[in-house]
Structure formats: C-alpha cells, structure tokens
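A.B. asks: Submitted below is the structure of interest, expressed as structure tokens.
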Amino acid sequence: MSETRPHPAPPVLATGTLPAGTVLGGYRILGELSSGGMGTVVRAEHLLLGRQAAVKLLRRDLTANPELVQRFVNEAKAVTASKHPGIVEVYDFGYTPDGDAFIVMELLEGEPLGQRLARLAMSEPEALVIALGIASALKAAHKVGVIHRDLKPDNVFLVADPDGGTARPKVLDFGIAKLADSPVSGHTETGALIGTPMYMAPEQARAASAIDHRADLYSLGCLLYHMLVGRPPFVAEGGGEIIALQMFGEVEPPSRLATITPEMDALVLRLLEKDPAQRPSSAAEVMTALTAIDAALTGQGTWRAAPA
C-alpha cells in the first residue's frame, strides 16, 4: 500500500463527497456507493489500468491527528500485507487537494452483512460458515498485532462463493476505529464511543486502551448471536443503555430464541463472557470450535479454510 500526502493534517471541517470525474491518486470518481459514520464511499476507476476500486473519503475530524493517522496507515499496511482473502485489500492512502483524507480499496460486489440480516435470521449452517470466515480474517489480523475495534454487520461484506455455496465474508475497515480515539474527533479518550454499542465488548466501553484481541472475539459473538437469532444480544433505546447492558446485562441463551445445536449455544455464550479471560483465547480457538460444529452438522464439514 502506498501513501500520497501532499498536505499536512487538515483542520477540523466536515467532509462531503466529490463530483463524478474528479481524479484522486490516479483514480477517476464514477459515483457514490454509500455514506456512513466514518465518511463516504465512491466508485472509482484507475486512469491507466482501468481497474475499478472503492474510495472512502474520511471525515476530516477523524484525520486531524497526524500520529493517529500514521498509526492507522501502519495497521492498514500490516493487514493488507497478510493477503488474506477475508480482508478487503487497501491499495492506497492520500489526501485530496482540499486536505480530505481518502483510502483506495478493493471494490466488492455483493451486500453488507447488515443488509442480509435485515431480511431474516440465518440457519445455523449459514451463520457458521460466515462466522468461520470472519474468525479466519481476525486470526490473520491479530497475528500482525491489529485489533479491529468496530466489528459490526456493516463492516462485513458478503461476496458470492465461486462454487455456489454460502456467501463468503470480507472484513472491512481494520484500524479505522482507532482514528476516533482523539479529543479532536469529539470522542472521549476512554474509548466509550469507539465502536458500535450493540457489538462492543464490555472492556472496550470502559477503556479502549485496555482492550486486546479478545474484544474482537466478543464482537464476533454479538454478530454470531445476531445471525442466529435475528437481533443482537442486547437491544435498547439508547447507546448508553446498550453499553450498560453489555457491561452488566445477562445474555439470554440463543437456544431459547432459535433452533441451534448445544455446541453452538455454548460457543456463543463463551464469546459473550464479560470477563475476557473466560472467552476463547484466540480466533484460532474459535475456528476450531466452529469447524467441529460444522463437521457434526454436515458429517464432513463444508467450510474450506482460507490461508491466514
């Protein structure tokens, strides 16, 4: 991943989108794809190669701290270098002439996991395959010391399986949540707002500086619960209420709300333990448990391991 930075870190201003035809880092903007809390994503095409890509225009307040930006760039480089098929590839990072930061990424065809979950809950085999893919991506990221910090349905993209099986997940936005860990961005140093409350580990709500890779495993547990049951483990009116439930609430076993195997029920509850020490110790351990459940469900297993 290269980096183009013609200007110093810009002042705090709102970031919008760019009109079609604008050229950034050798890519011509074709049109907007989506917009979210971290910025706007547009479709672009490389001027020489003709390769299409997704360009994320980050909110300027998130990139006002040069130290955090450099840390994000380093993490993006490390994760991209893993070449893991379950992690979206980052091609470039730079600044527009107006000082707005952008990331050039692999363009994905499919749908966000959040869009899929809005339709209906998944069967256990389907949820299992997607969870295995996410766990494999986390294993690769954790191996190079990168924690996602904001694993949620909209940061998991489902792409078609070339063999016609269950759609395969690709995890997006590794390290971007770290950009919010700055007083300039309007977020607190404690990290209470770094991440998404419905998928946030209890220790992450207390202090972002205290988290390790097991916070991502808790978020994976929230995703798996949502896929199986049709909703996250905790739902409330406001973010503060949800955070309180993540920290102190009792999780209703997913087996009471969906037909799943006892082994899957036990794994989800382990992932959602308040104490990180009571969760699986690594993404690799989660993969081992899910693979065993897969084999028991199908008689031979349907998930093909990706390199990590």
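Here, A, B, ... name the chains of the structure tokens in the order displayed, residue numbers run from 1 inside each chain, and ligands are numbered from 1 in the same displayed order.
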At a cut-off of 12 Å, can you tabulate as JSON lines every residue of range 151-259 of chain A near range 280-285 of chain A together with its closest atom pair and the distance in Å to one decimal, using only C-alpha atoms and ordering rows by chain then number?
C.D. replies:
{"residue": "A:Asp212", "atom": "CA", "partner": "A:Ser282", "partner_atom": "CA", "distance": 10.5}
{"residue": "A:His213", "atom": "CA", "partner": "A:Ser282", "partner_atom": "CA", "distance": 7.5}
{"residue": "A:Arg214", "atom": "CA", "partner": "A:Ser282", "partner_atom": "CA", "distance": 7.0}
{"residue": "A:Ala215", "atom": "CA", "partner": "A:Ser282", "partner_atom": "CA", "distance": 10.4}
{"residue": "A:Asp216", "atom": "CA", "partner": "A:Ala283", "partner_atom": "CA", "distance": 8.8}
{"residue": "A:Leu217", "atom": "CA", "partner": "A:Ala283", "partner_atom": "CA", "distance": 6.9}
{"residue": "A:Tyr218", "atom": "CA", "partner": "A:Pro280", "partner_atom": "CA", "distance": 9.4}
{"residue": "A:Ser219", "atom": "CA", "partner": "A:Ala283", "partner_atom": "CA", "distance": 11.7}
{"residue": "A:Leu220", "atom": "CA", "partner": "A:Ala283", "partner_atom": "CA", "distance": 9.5}
{"residue": "A:Gly221", "atom": "CA", "partner": "A:Pro280", "partner_atom": "CA", "distance": 10.5}
A.B. asks: With a distance cut-off of 9 Å and only C-alpha atoms, select the neighbouring residues of range 241-255 of chain A, excluding the residue or stretch itself and same-chain residues fewer than 6 positions from it, and output the selection as a list in words.
C.D. replies: Ala192, Pro197, Met198, Tyr199, Met200, Ala201, Pro202, Glu203, Ala205, Arg206, Tyr225, Leu228, Val229, Pro233, Phe234, Val235, Thr261, Pro262, Met264, Asp265, Ala266, Val268, Leu269, Leu272, Glu273 and Lys274 of chain A
A.B. asks: Looking at A:Lys152, A:Arg71, A:Arg279, A:His46, which one is nearest to Gly175 in chain A, with distances taken over only C-alpha atoms?
C.D. replies: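 Under the stated criterion, the closest residue is A:Arg71.
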A.B. asks: Grab the CA of Ala210 in chain A to CA of Leu138 in chain A distance for me, in Å with one decimal place.
C.D. replies: 18.5 Å
A.B. asks: Using only C-alpha atoms, which of the listed residues (A:Glu32, A:Asp163, A:Glu109, A:Glu45) sits closest to Val88 in chain A?
C.D. replies: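 Nearest to Val88 in chain A: A:Glu109.
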A.B. asks: Between A:Gly99, A:Gly240, A:Gly31, A:Gly114, which residue has the minimum interatomic distance to Leu58 in chain A, considering only C-alpha atoms?
C.D. replies: A:Gly99
A.B. asks: Would you list the contacts of Asp161 in chain A as number ranges by chain, taking every protein, DNA or RNA residue within 12 Å and counting only C-alpha atoms, but skipping same-chain residues closer than 6 positions in sequence?
C.D. replies: A: 85-86, 109-110, 129-130, 133, 167-170, 303-304
A.B. asks: Save the residues we just selected, N, CA and C atoms, as a short mmCIF file (atom, residue, chain, number, x, y, z; two decimals), in the first residue's frame?
C.D. replies:
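Written out: result.cif:
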data_model
loop_
_atom_site.label_atom_id
_atom_site.label_comp_id
_atom_site.auth_asym_id
_atom_site.auth_seq_id
_atom_site.Cartn_x
_atom_site.Cartn_y
_atom_site.Cartn_z
N PRO A 85 -7.77 -13.62 2.06
CA PRO A 85 -8.94 -13.45 1.19
C PRO A 85 -10.17 -12.92 1.91
N GLY A 86 -10.17 -12.97 3.24
CA GLY A 86 -11.31 -12.48 4.00
C GLY A 86 -11.15 -11.06 4.49
N GLU A 109 -18.32 -6.77 -4.80
CA GLU A 109 -19.65 -6.94 -5.36
C GLU A 109 -20.42 -7.91 -4.46
N GLY A 110 -21.52 -7.47 -3.93
CA GLY A 110 -22.31 -8.29 -3.02
C GLY A 110 -23.17 -7.40 -2.15
N VAL A 129 -20.74 -20.73 8.58
CA VAL A 129 -19.77 -20.51 7.50
C VAL A 129 -19.29 -19.05 7.51
N ILE A 130 -20.21 -18.12 7.71
CA ILE A 130 -19.83 -16.71 7.74
C ILE A 130 -18.97 -16.41 8.96
N GLY A 133 -15.44 -17.59 8.43
CA GLY A 133 -14.69 -16.68 7.57
C GLY A 133 -14.22 -15.44 8.31
N ALA A 167 -22.48 -17.33 0.83
CA ALA A 167 -21.66 -16.16 0.54
C ALA A 167 -20.50 -16.06 1.53
N ARG A 168 -19.37 -15.59 1.05
CA ARG A 168 -18.16 -15.51 1.86
C ARG A 168 -17.97 -14.09 2.40
N PRO A 169 -17.55 -13.96 3.66
CA PRO A 169 -17.39 -12.63 4.24
C PRO A 169 -16.03 -12.02 3.95
N LYS A 170 -16.02 -10.71 3.80
CA LYS A 170 -14.78 -9.93 3.77
C LYS A 170 -14.92 -8.84 4.82
N TRP A 303 -16.92 -25.99 5.24
CA TRP A 303 -16.10 -24.77 5.14
C TRP A 303 -14.70 -25.11 4.69
N ARG A 304 -14.20 -24.38 3.69
CA ARG A 304 -12.85 -24.56 3.20
C ARG A 304 -11.96 -23.51 3.82
#
A.B. asks: Would you give me, as an MDAnalysis selection string, the residues in range 135-298 of chain A that DSSP reads as alpha helix (DSSP H)?
C.D. replies: chainID A and resid 135:143 202:206 214:229 239:248 262:271 283:298
A.B. asks: Can you list, as a PyMOL selection string, all residues belonging to range 70-256 of chain A that DSSP tags as strand (DSSP E or B)?
C.D. replies: chain A and resi 87+90-95+101-106+110-112+156-159+168-171
A.B. asks: Calculate how many Å separate CA of Asn155 in chain A from CA of Phe174 in chain A, rounding to one decimal.
C.D. replies: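 CA of Phe174 in chain A lies 9.0 Å from CA of Asn155 in chain A.
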A.B. asks: What is the CA of Arg51 in chain A-CA of Gly25 in chain A distance in Å, reported with one decimal?
C.D. replies: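 These atoms are spaced 13.1 Å apart.
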A.B. asks: So, with only C-alpha atoms as the atoms that count, which of A:Leu108, A:Ile211, A:Leu297, A:Ala135 lies closest to Arg149 in chain A?
C.D. replies: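 Between A:Leu108, A:Ile211, A:Leu297, A:Ala135, the residue approaching Arg149 in chain A most closely is A:Ile211.
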A.B. asks: Quick one: residues within 9 Å of Tyr27 in chain A, only C-alpha atoms counted, chain neighbours fewer than 4 positions away excluded, as a compact mmCIF listing (two decimals) with C-alpha atoms, in the first residue's frame?
C.D. replies:
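The result, written out as out.txt:
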# COMPACT_ATOMS: atom_id res chain seq x y z
CA THR A 22 -12.77 14.13 -10.01
CA VAL A 23 -9.33 12.47 -10.12
CA ALA A 44 -13.63 4.94 -8.98
CA GLU A 45 -11.59 3.69 -11.94
CA HIS A 46 -7.82 3.74 -12.38
CA LEU A 47 -6.91 6.04 -15.25
CA LEU A 48 -4.25 3.76 -16.75
CA GLY A 50 -8.97 0.55 -15.95
CA ARG A 51 -9.29 -1.27 -12.62
CA GLN A 52 -12.27 -0.20 -10.56
CA ALA A 53 -11.91 0.42 -6.84
CA VAL A 55 -12.55 5.12 -2.48
CA VAL A 104 -8.45 3.38 -2.07
A.B. asks: For a quick check of understanding, using only C-alpha atoms, which of A:Lys77, A:Arg231, A:Arg60, A:Arg28 has the smallest distance to Phe102 in chain A?
C.D. replies: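 Of the candidates, the smallest distance to Phe102 in chain A is held by A:Arg60.
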A.B. asks: With distances taken over only C-alpha atoms, which of A:Arg270, A:Leu172, A:Gly36, A:Thr291 is nearest to Val90 in chain A?
C.D. replies: A:Leu172
